[in-house]
Amino acid sequence: MKGYVVLESGEVFAGEWHGEEDVHGEIVFFTGMTGYQEVMTDPSFKGQIVVFTYPLIGNYGVNADDYESVVPQVEGVIASEISETPSHYKKEVDAKRFLKEKGVPFLTGVDTRAIVKRIRANGDMRAILTTTPENVDVQATPALESKEVIEGVSVKEPVHYGLRNAATHIVLYDFGYKHSIAHALAAKGTRVTVVPYTTTLEELQTLAPDAVLLSNGPGNPKQLLRQLPTFRQIAETYPTLGICLGHQLLALAFGGNTKKLVFGHRGANQPVLDARTKRVYMTSQNHSYVVEEESLAGTGLLPRFHNVNDGSLEGLEHESLPIRSVQFHPEAHPGPSDSDEIFDTFLTELHSKGREHHYA
């Protein structure tokens, strides 16, 4: 059956339709050769239709180990081709069947190169997947930046990882966390408690954490402006690490500003320079927004990492408090493990001399 993607720009691209009903969202592209399962289940993609740039998706199927959440989070998928005969010893189901069973509409046989060129020229934009392009109005659909999407992906009750008697306890604020973040920390010997993003400072204190992590998540960070005072209190009370959206929220909480990129950074090979060590990390990224470096004056937050490709800010550290943040994903999944040491540095600093001085 023929299907179409209708872009906000007015352009229409045809392909083979796989789905039950129309779906709308913000159309973005992902450049990784692998990691499609992680992308489709990553809550940071909530509200988005993902175009996979690699020409063949699904060639190793879908397995039980690479879920970043319990269900797919993308609104829809566009690919040139999705394999129906994957080959991998861990494969449980092919990607087409996975999407169909989970009710995620998708298009194949599409000119993904042309669509990506439009996104790079015009920026991330609204789009609709449909079988009747003449009956839809993309302009009438709400923009993702105006939606509050975190409520739909955050946990409602605490979730636990790692050993209950572990020496270090980290509370992870869930704005749409990837499971691999919690697994990576648990593998390093910590106990992780994932809590709803609305958890108050008083509720946090009853958990007696050694540190707090603000997770990744979807949408516009300024949709959480009302909670910024709480996030600042938390960061001034506990050693804190922010990842992706969590990085942006820390910047906003201390008085910085964020802006939307033209077409975002999404892929598993983004080069990032550490200004202190001059080392370049190859990183996994998925974000539409960045912190404006010039807005940090007087906030106490100092730039630490920058994107080599466009110079955008990729990470912060506080001048006196044990607060760190990164725009990229130290746990990768998918992507290289270069920046996994971000977790090691953070955990080491939890027990370093001077922690009492910071929080005296």
# chains A, B, ... in the order shown; residues from 1 in each chain; ligands from 1
>>> select_by_dssp(residues="range 86-300 of chain A", states="helix (DSSP H, G or I)", output="PyMOL selection string")
chain A and resi 95-101+112-122+133-135+138-140+144-146+150-152+179-187+201-206+221-237+245-253+293-296
>>> residues_around(residues="Phe30 in chain A", least_positions_apart="2", cutoff="12 Å", atoms="only C-alpha atoms", output="number ranges by chain")
A: 27-28, 32-36, 38-40, 45, 48-55, 57, 77-79, 112-113, 115-116, 119-120, 124, 263-270, 284-287, 334
>>> write_last_selection(atoms="C-alpha atoms", output="PDB file, in the first residue's frame")
ATOM      1  CA  ILE A  27      10.771  14.798  11.735  1.00  0.00           C
ATOM      2  CA  VAL A  28      14.471  14.260  12.526  1.00  0.00           C
ATOM      3  CA  GLY A  32      24.193   5.730  12.937  1.00  0.00           C
ATOM      4  CA  MET A  33      24.834   2.530  10.978  1.00  0.00           C
ATOM      5  CA  THR A  34      23.617   0.488  13.944  1.00  0.00           C
ATOM      6  CA  GLY A  35      21.544   1.144  17.056  1.00  0.00           C
ATOM      7  CA  TYR A  36      18.110   1.358  15.464  1.00  0.00           C
ATOM      8  CA  GLU A  38      17.982   1.722  20.923  1.00  0.00           C
ATOM      9  CA  VAL A  39      16.780   4.721  18.922  1.00  0.00           C
ATOM     10  CA  MET A  40      13.245   3.398  18.510  1.00  0.00           C
ATOM     11  CA  PHE A  45      12.625  10.509  20.659  1.00  0.00           C
ATOM     12  CA  GLN A  48       9.459  12.523  16.792  1.00  0.00           C
ATOM     13  CA  ILE A  49       9.399  10.704  13.464  1.00  0.00           C
ATOM     14  CA  VAL A  50      12.869   9.307  12.818  1.00  0.00           C
ATOM     15  CA  VAL A  51      14.475   9.045   9.388  1.00  0.00           C
ATOM     16  CA  PHE A  52      17.300   6.490   9.375  1.00  0.00           C
ATOM     17  CA  THR A  53      20.019   7.612   6.979  1.00  0.00           C
ATOM     18  CA  TYR A  54      21.751   4.223   6.698  1.00  0.00           C
ATOM     19  CA  PRO A  55      20.278   2.464   3.616  1.00  0.00           C
ATOM     20  CA  ILE A  57      17.989  -1.018   8.721  1.00  0.00           C
ATOM     21  CA  VAL A  77       9.939   5.492  11.340  1.00  0.00           C
ATOM     22  CA  ILE A  78      11.141   6.206   7.805  1.00  0.00           C
ATOM     23  CA  ALA A  79      13.764   4.004   6.154  1.00  0.00           C
ATOM     24  CA  THR A 112      15.679   9.171   2.690  1.00  0.00           C
ATOM     25  CA  ARG A 113      18.633  11.070   1.245  1.00  0.00           C
ATOM     26  CA  ILE A 115      14.355  14.019   3.047  1.00  0.00           C
ATOM     27  CA  VAL A 116      17.540  14.476   5.073  1.00  0.00           C
ATOM     28  CA  ILE A 119      15.849  18.732   7.060  1.00  0.00           C
ATOM     29  CA  ARG A 120      19.427  19.976   6.891  1.00  0.00           C
ATOM     30  CA  ASP A 124      13.692  19.880  12.167  1.00  0.00           C
ATOM     31  CA  PHE A 263      18.559  20.195  12.894  1.00  0.00           C
ATOM     32  CA  GLY A 264      20.062  18.865  16.106  1.00  0.00           C
ATOM     33  CA  HIS A 265      22.798  16.331  16.780  1.00  0.00           C
ATOM     34  CA  ARG A 266      21.724  12.703  16.409  1.00  0.00           C
ATOM     35  CA  GLY A 267      24.212   9.945  15.756  1.00  0.00           C
ATOM     36  CA  ALA A 268      26.950   7.786  17.229  1.00  0.00           C
ATOM     37  CA  ASN A 269      30.042   9.591  15.936  1.00  0.00           C
ATOM     38  CA  GLN A 270      29.905  13.182  17.187  1.00  0.00           C
ATOM     39  CA  SER A 284      26.659   9.334  21.004  1.00  0.00           C
ATOM     40  CA  GLN A 285      24.185  12.215  20.889  1.00  0.00           C
ATOM     41  CA  ASN A 286      20.486  12.883  20.522  1.00  0.00           C
ATOM     42  CA  HIS A 287      19.334  16.450  21.151  1.00  0.00           C
ATOM     43  CA  PRO A 334      24.446   3.014  20.469  1.00  0.00           C
TER      44      PRO A 334
END
>>> closest_residue(among="A:Ser87, A:Asn122, A:Asn59, A:Thr108", to="Gly3 in chain A", atoms="only C-alpha atoms")
A:Thr108
>>> residues_around(residues="range 322-326 of chain A", least_positions_apart="4", cutoff="10 Å", atoms="only C-alpha atoms", output="PDB file with C-alpha atoms, in the first residue's frame")
ATOM      1  CA  ALA A 211      24.531  11.904  44.486  1.00  0.00           C
ATOM      2  CA  VAL A 212      21.858  12.833  41.952  1.00  0.00           C
ATOM      3  CA  LEU A 213      21.727  12.335  38.193  1.00  0.00           C
ATOM      4  CA  LEU A 214      19.369  14.354  35.979  1.00  0.00           C
ATOM      5  CA  ALA A 235      22.346  20.555  42.767  1.00  0.00           C
ATOM      6  CA  GLU A 236      23.364  22.835  45.635  1.00  0.00           C
ATOM      7  CA  THR A 237      22.664  20.048  48.135  1.00  0.00           C
ATOM      8  CA  TYR A 238      24.051  16.923  46.432  1.00  0.00           C
ATOM      9  CA  PRO A 239      26.824  16.173  43.924  1.00  0.00           C
ATOM     10  CA  THR A 240      24.972  16.259  40.620  1.00  0.00           C
ATOM     11  CA  LEU A 241      25.520  15.016  37.079  1.00  0.00           C
ATOM     12  CA  GLY A 242      23.295  16.076  34.186  1.00  0.00           C
ATOM     13  CA  ILE A 243      23.046  14.186  30.892  1.00  0.00           C
ATOM     14  CA  CYS A 244      21.522  15.707  27.740  1.00  0.00           C
ATOM     15  CA  LEU A 245      18.229  17.268  28.882  1.00  0.00           C
ATOM     16  CA  GLY A 246      19.562  17.133  32.438  1.00  0.00           C
ATOM     17  CA  HIS A 247      22.559  19.203  31.294  1.00  0.00           C
ATOM     18  CA  GLN A 248      20.221  21.813  29.799  1.00  0.00           C
ATOM     19  CA  LEU A 249      18.070  21.926  32.938  1.00  0.00           C
ATOM     20  CA  LEU A 250      21.098  22.557  35.161  1.00  0.00           C
ATOM     21  CA  ALA A 251      22.160  25.452  32.945  1.00  0.00           C
ATOM     22  CA  LEU A 301      29.010  27.205  35.477  1.00  0.00           C
ATOM     23  CA  LEU A 302      32.094  26.886  33.292  1.00  0.00           C
ATOM     24  CA  PRO A 303      32.305  25.439  29.751  1.00  0.00           C
ATOM     25  CA  ARG A 304      34.201  22.150  29.616  1.00  0.00           C
ATOM     26  CA  PHE A 305      33.274  20.338  26.378  1.00  0.00           C
ATOM     27  CA  HIS A 306      32.590  21.595  22.845  1.00  0.00           C
ATOM     28  CA  LEU A 313      28.653  23.725  24.053  1.00  0.00           C
ATOM     29  CA  GLU A 314      28.690  20.064  25.097  1.00  0.00           C
ATOM     30  CA  GLY A 315      29.356  20.073  28.828  1.00  0.00           C
ATOM     31  CA  LEU A 316      29.778  22.119  32.006  1.00  0.00           C
ATOM     32  CA  GLU A 317      31.344  22.052  35.440  1.00  0.00           C
ATOM     33  CA  HIS A 318      30.680  24.347  38.372  1.00  0.00           C
ATOM     34  CA  PRO A 330      28.509   8.586  28.381  1.00  0.00           C
ATOM     35  CA  SER A 339      33.226   8.942  27.304  1.00  0.00           C
ATOM     36  CA  ILE A 342      32.592  10.541  32.758  1.00  0.00           C
ATOM     37  CA  THR A 345      35.177  10.662  37.306  1.00  0.00           C
ATOM     38  CA  PHE A 346      31.816  11.505  38.834  1.00  0.00           C
ATOM     39  CA  GLU A 349      34.627  12.713  43.115  1.00  0.00           C
ATOM     40  CA  LEU A 350      31.787  11.580  45.363  1.00  0.00           C
ATOM     41  CA  GLY A 354      36.665  18.463  49.916  1.00  0.00           C
ATOM     42  CA  ARG A 355      33.153  17.129  49.426  1.00  0.00           C
ATOM     43  CA  HIS A 358      31.342  22.007  49.248  1.00  0.00           C
ATOM     44  CA  TYR A 359      28.311  21.129  51.322  1.00  0.00           C
TER      45      TYR A 359
END
>>> closest_atom_pairs(of="range 13-99 of chain A", to="range 140-146 of chain A", cutoff="10 Å", atoms="only C-alpha atoms", output="JSON lines")
{"residue": "A:His24", "atom": "CA", "partner": "A:Thr141", "partner_atom": "CA", "distance": 7.4}
{"residue": "A:Gly25", "atom": "CA", "partner": "A:Leu144", "partner_atom": "CA", "distance": 7.0}
{"residue": "A:Glu26", "atom": "CA", "partner": "A:Leu144", "partner_atom": "CA", "distance": 6.3}
{"residue": "A:Ile27", "atom": "CA", "partner": "A:Leu144", "partner_atom": "CA", "distance": 10.0}
{"residue": "A:Lys46", "atom": "CA", "partner": "A:Leu144", "partner_atom": "CA", "distance": 9.3}
{"residue": "A:Gly47", "atom": "CA", "partner": "A:Leu144", "partner_atom": "CA", "distance": 6.5}
{"residue": "A:Gln48", "atom": "CA", "partner": "A:Leu144", "partner_atom": "CA", "distance": 8.0}
>>> write_last_selection(atoms="C-alpha atoms", output="PDB file, in the first residue's frame")
ATOM      1  CA  HIS A  24       2.292  13.353  13.196  1.00  0.00           C
ATOM      2  CA  GLY A  25       5.447  14.524  14.913  1.00  0.00           C
ATOM      3  CA  GLU A  26       8.702  16.397  14.505  1.00  0.00           C
ATOM      4  CA  ILE A  27      10.771  14.798  11.735  1.00  0.00           C
ATOM      5  CA  LYS A  46       9.094  10.829  22.072  1.00  0.00           C
ATOM      6  CA  GLY A  47       7.084  13.011  19.716  1.00  0.00           C
ATOM      7  CA  GLN A  48       9.459  12.523  16.792  1.00  0.00           C
TER       8      GLN A  48
END
>>> closest_residue(among="A:Leu129, A:Val70, A:Val136, A:Val159", to="Val110 in chain A", atoms="only C-alpha atoms")
A:Leu129
>>> closest_residue(among="A:Val155, A:Ala275, A:Val6, A:Val93", to="Pro43 in chain A", atoms="only C-alpha atoms")
A:Val155
>>> closest_atom_pairs(of="range 66-119 of chain A", to="range 171-183 of chain A", cutoff="9 Å", atoms="only C-alpha atoms", output="CSV")
residue,atom,partner,partner_atom,distance
A:Asp66,CA,A:Ser180,CA,8.4
A:Tyr67,CA,A:His179,CA,7.4
A:Glu68,CA,A:His179,CA,4.8
A:Ser69,CA,A:His179,CA,6.2
>>> atom_distance(atom1="CA of Phe106 in chain A", atom2="CA of Glu331 in chain A")
27.8 Å
>>> atom_distance(atom1="CA of Ala114 in chain A", atom2="CA of Thr31 in chain A")
14.1 Å
>>> closest_residue(among="A:Thr230, A:Pro196, A:Ser9, A:Asn220", to="Glu157 in chain A", atoms="only C-alpha atoms")
A:Pro196
>>> atom_distance(atom1="CA of Arg164 in chain A", atom2="CA of Thr199 in chain A")
20.6 Å
>>> closest_residue(among="A:Lys96, A:Arg118, A:Lys259, A:Lys278", to="Phe13 in chain A", atoms="only C-alpha atoms")
A:Arg118
>>> select_by_dssp(residues="range 110-354 of chain A", states="strand (DSSP E)", output="ChimeraX atom specification")
/A:125-130,159-161,168-174,190-196,211-214,240-243,258-274,280-291,301-307,313-318,323-326
>>> write_last_selection(atoms="C-alpha atoms", output="PDB file, in the first residue's frame")
ATOM      1  CA  MET A 125      10.074  20.388  11.171  1.00  0.00           C
ATOM      2  CA  ARG A 126       6.590  19.020  11.639  1.00  0.00           C
ATOM      3  CA  ALA A 127       5.529  16.100   9.452  1.00  0.00           C
ATOM      4  CA  ILE A 128       2.688  13.606   8.994  1.00  0.00           C
ATOM      5  CA  LEU A 129       2.814   9.972   7.873  1.00  0.00           C
ATOM      6  CA  THR A 130      -0.377   9.219   5.977  1.00  0.00           C
ATOM      7  CA  VAL A 159      12.562   1.780  40.053  1.00  0.00           C
ATOM      8  CA  HIS A 160      15.685   0.149  41.489  1.00  0.00           C
ATOM      9  CA  TYR A 161      18.922  -1.066  39.889  1.00  0.00           C
ATOM     10  CA  THR A 168      27.083   4.352  46.779  1.00  0.00           C
ATOM     11  CA  HIS A 169      23.471   5.334  46.196  1.00  0.00           C
ATOM     12  CA  ILE A 170      22.524   7.512  43.206  1.00  0.00           C
ATOM     13  CA  VAL A 171      19.044   8.884  42.656  1.00  0.00           C
ATOM     14  CA  LEU A 172      18.245   9.301  38.961  1.00  0.00           C
ATOM     15  CA  TYR A 173      15.595  11.909  38.115  1.00  0.00           C
ATOM     16  CA  ASP A 174      13.648  10.494  35.196  1.00  0.00           C
ATOM     17  CA  THR A 190      26.318   1.631  42.664  1.00  0.00           C
ATOM     18  CA  ARG A 191      22.728   1.385  43.763  1.00  0.00           C
ATOM     19  CA  VAL A 192      20.443   3.416  41.500  1.00  0.00           C
ATOM     20  CA  THR A 193      16.947   4.590  42.369  1.00  0.00           C
ATOM     21  CA  VAL A 194      14.995   6.038  39.457  1.00  0.00           C
ATOM     22  CA  VAL A 195      12.373   8.538  40.598  1.00  0.00           C
ATOM     23  CA  PRO A 196       9.640  10.611  38.883  1.00  0.00           C
ATOM     24  CA  ALA A 211      24.531  11.904  44.486  1.00  0.00           C
ATOM     25  CA  VAL A 212      21.858  12.833  41.952  1.00  0.00           C
ATOM     26  CA  LEU A 213      21.727  12.335  38.193  1.00  0.00           C
ATOM     27  CA  LEU A 214      19.369  14.354  35.979  1.00  0.00           C
ATOM     28  CA  THR A 240      24.972  16.259  40.620  1.00  0.00           C
ATOM     29  CA  LEU A 241      25.520  15.016  37.079  1.00  0.00           C
ATOM     30  CA  GLY A 242      23.295  16.076  34.186  1.00  0.00           C
ATOM     31  CA  ILE A 243      23.046  14.186  30.892  1.00  0.00           C
ATOM     32  CA  THR A 258      19.025  27.315  25.903  1.00  0.00           C
ATOM     33  CA  LYS A 259      18.207  27.529  22.214  1.00  0.00           C
ATOM     34  CA  LYS A 260      17.107  25.122  19.525  1.00  0.00           C
ATOM     35  CA  LEU A 261      19.576  23.906  16.911  1.00  0.00           C
ATOM     36  CA  VAL A 262      18.585  23.970  13.257  1.00  0.00           C
ATOM     37  CA  PHE A 263      18.559  20.195  12.894  1.00  0.00           C
ATOM     38  CA  GLY A 264      20.062  18.865  16.106  1.00  0.00           C
ATOM     39  CA  HIS A 265      22.798  16.331  16.780  1.00  0.00           C
ATOM     40  CA  ARG A 266      21.724  12.703  16.409  1.00  0.00           C
ATOM     41  CA  GLY A 267      24.212   9.945  15.756  1.00  0.00           C
ATOM     42  CA  ALA A 268      26.950   7.786  17.229  1.00  0.00           C
ATOM     43  CA  ASN A 269      30.042   9.591  15.936  1.00  0.00           C
ATOM     44  CA  GLN A 270      29.905  13.182  17.187  1.00  0.00           C
ATOM     45  CA  PRO A 271      33.412  14.481  18.067  1.00  0.00           C
ATOM     46  CA  VAL A 272      33.658  16.417  21.341  1.00  0.00           C
ATOM     47  CA  LEU A 273      36.718  18.296  22.647  1.00  0.00           C
ATOM     48  CA  ASP A 274      37.535  18.427  26.356  1.00  0.00           C
ATOM     49  CA  VAL A 280      38.652  14.413  21.660  1.00  0.00           C
ATOM     50  CA  TYR A 281      35.895  11.927  22.439  1.00  0.00           C
ATOM     51  CA  MET A 282      33.700  10.271  19.826  1.00  0.00           C
ATOM     52  CA  THR A 283      30.257  10.445  21.368  1.00  0.00           C
ATOM     53  CA  SER A 284      26.659   9.334  21.004  1.00  0.00           C
ATOM     54  CA  GLN A 285      24.185  12.215  20.889  1.00  0.00           C
ATOM     55  CA  ASN A 286      20.486  12.883  20.522  1.00  0.00           C
ATOM     56  CA  HIS A 287      19.334  16.450  21.151  1.00  0.00           C
ATOM     57  CA  SER A 288      17.621  19.410  19.523  1.00  0.00           C
ATOM     58  CA  TYR A 289      18.551  22.041  22.108  1.00  0.00           C
ATOM     59  CA  VAL A 290      21.869  23.421  23.351  1.00  0.00           C
ATOM     60  CA  VAL A 291      23.025  25.705  26.150  1.00  0.00           C
ATOM     61  CA  LEU A 301      29.010  27.205  35.477  1.00  0.00           C
ATOM     62  CA  LEU A 302      32.094  26.886  33.292  1.00  0.00           C
ATOM     63  CA  PRO A 303      32.305  25.439  29.751  1.00  0.00           C
ATOM     64  CA  ARG A 304      34.201  22.150  29.616  1.00  0.00           C
ATOM     65  CA  PHE A 305      33.274  20.338  26.378  1.00  0.00           C
ATOM     66  CA  HIS A 306      32.590  21.595  22.845  1.00  0.00           C
ATOM     67  CA  ASN A 307      31.380  19.949  19.651  1.00  0.00           C
ATOM     68  CA  LEU A 313      28.653  23.725  24.053  1.00  0.00           C
ATOM     69  CA  GLU A 314      28.690  20.064  25.097  1.00  0.00           C
ATOM     70  CA  GLY A 315      29.356  20.073  28.828  1.00  0.00           C
ATOM     71  CA  LEU A 316      29.778  22.119  32.006  1.00  0.00           C
ATOM     72  CA  GLU A 317      31.344  22.052  35.440  1.00  0.00           C
ATOM     73  CA  HIS A 318      30.680  24.347  38.372  1.00  0.00           C
ATOM     74  CA  ILE A 323      28.264  19.714  39.544  1.00  0.00           C
ATOM     75  CA  ARG A 324      28.981  18.335  36.092  1.00  0.00           C
ATOM     76  CA  SER A 325      26.917  18.026  32.950  1.00  0.00           C
ATOM     77  CA  VAL A 326      27.347  16.648  29.451  1.00  0.00           C
TER      78      VAL A 326
END
>>> residues_around(residues="range 98-105 of chain A", least_positions_apart="5", cutoff="7 Å", atoms="only C-alpha atoms", output="VMD selection string")
chain A and resid 18 to 20 75 to 77 93
>>> residues_around(residues="Tyr4 in chain A", least_positions_apart="5", cutoff="8 Å", atoms="only C-alpha atoms", output="PDB file with C-alpha atoms, in the first residue's frame")
ATOM      1  CA  VAL A  12       5.555  15.149  -0.107  1.00  0.00           C
ATOM      2  CA  PHE A  13       7.583  11.920  -0.397  1.00  0.00           C
ATOM      3  CA  ALA A  14       6.075   8.562  -1.285  1.00  0.00           C
ATOM      4  CA  GLY A  15       6.908   5.076  -0.044  1.00  0.00           C
ATOM      5  CA  GLU A  16       5.377   1.810   1.104  1.00  0.00           C
ATOM      6  CA  TRP A  17       3.006   2.222   4.039  1.00  0.00           C
ATOM      7  CA  LEU A 107       7.443   3.935   5.613  1.00  0.00           C
ATOM      8  CA  LEU A 129       2.814   9.972   7.873  1.00  0.00           C
ATOM      9  CA  THR A 130      -0.377   9.219   5.977  1.00  0.00           C
ATOM     10  CA  THR A 131      -2.023   7.365   3.096  1.00  0.00           C
ATOM     11  CA  THR A 132      -4.106  10.414   2.125  1.00  0.00           C
ATOM     12  CA  PRO A 133      -1.756  13.398   1.784  1.00  0.00           C
TER      13      PRO A 133
END
>>> closest_residue(among="A:Gly189, A:Pro86, A:Gly61, A:Gly109", to="Lys2 in chain A", atoms="only C-alpha atoms")
A:Gly109
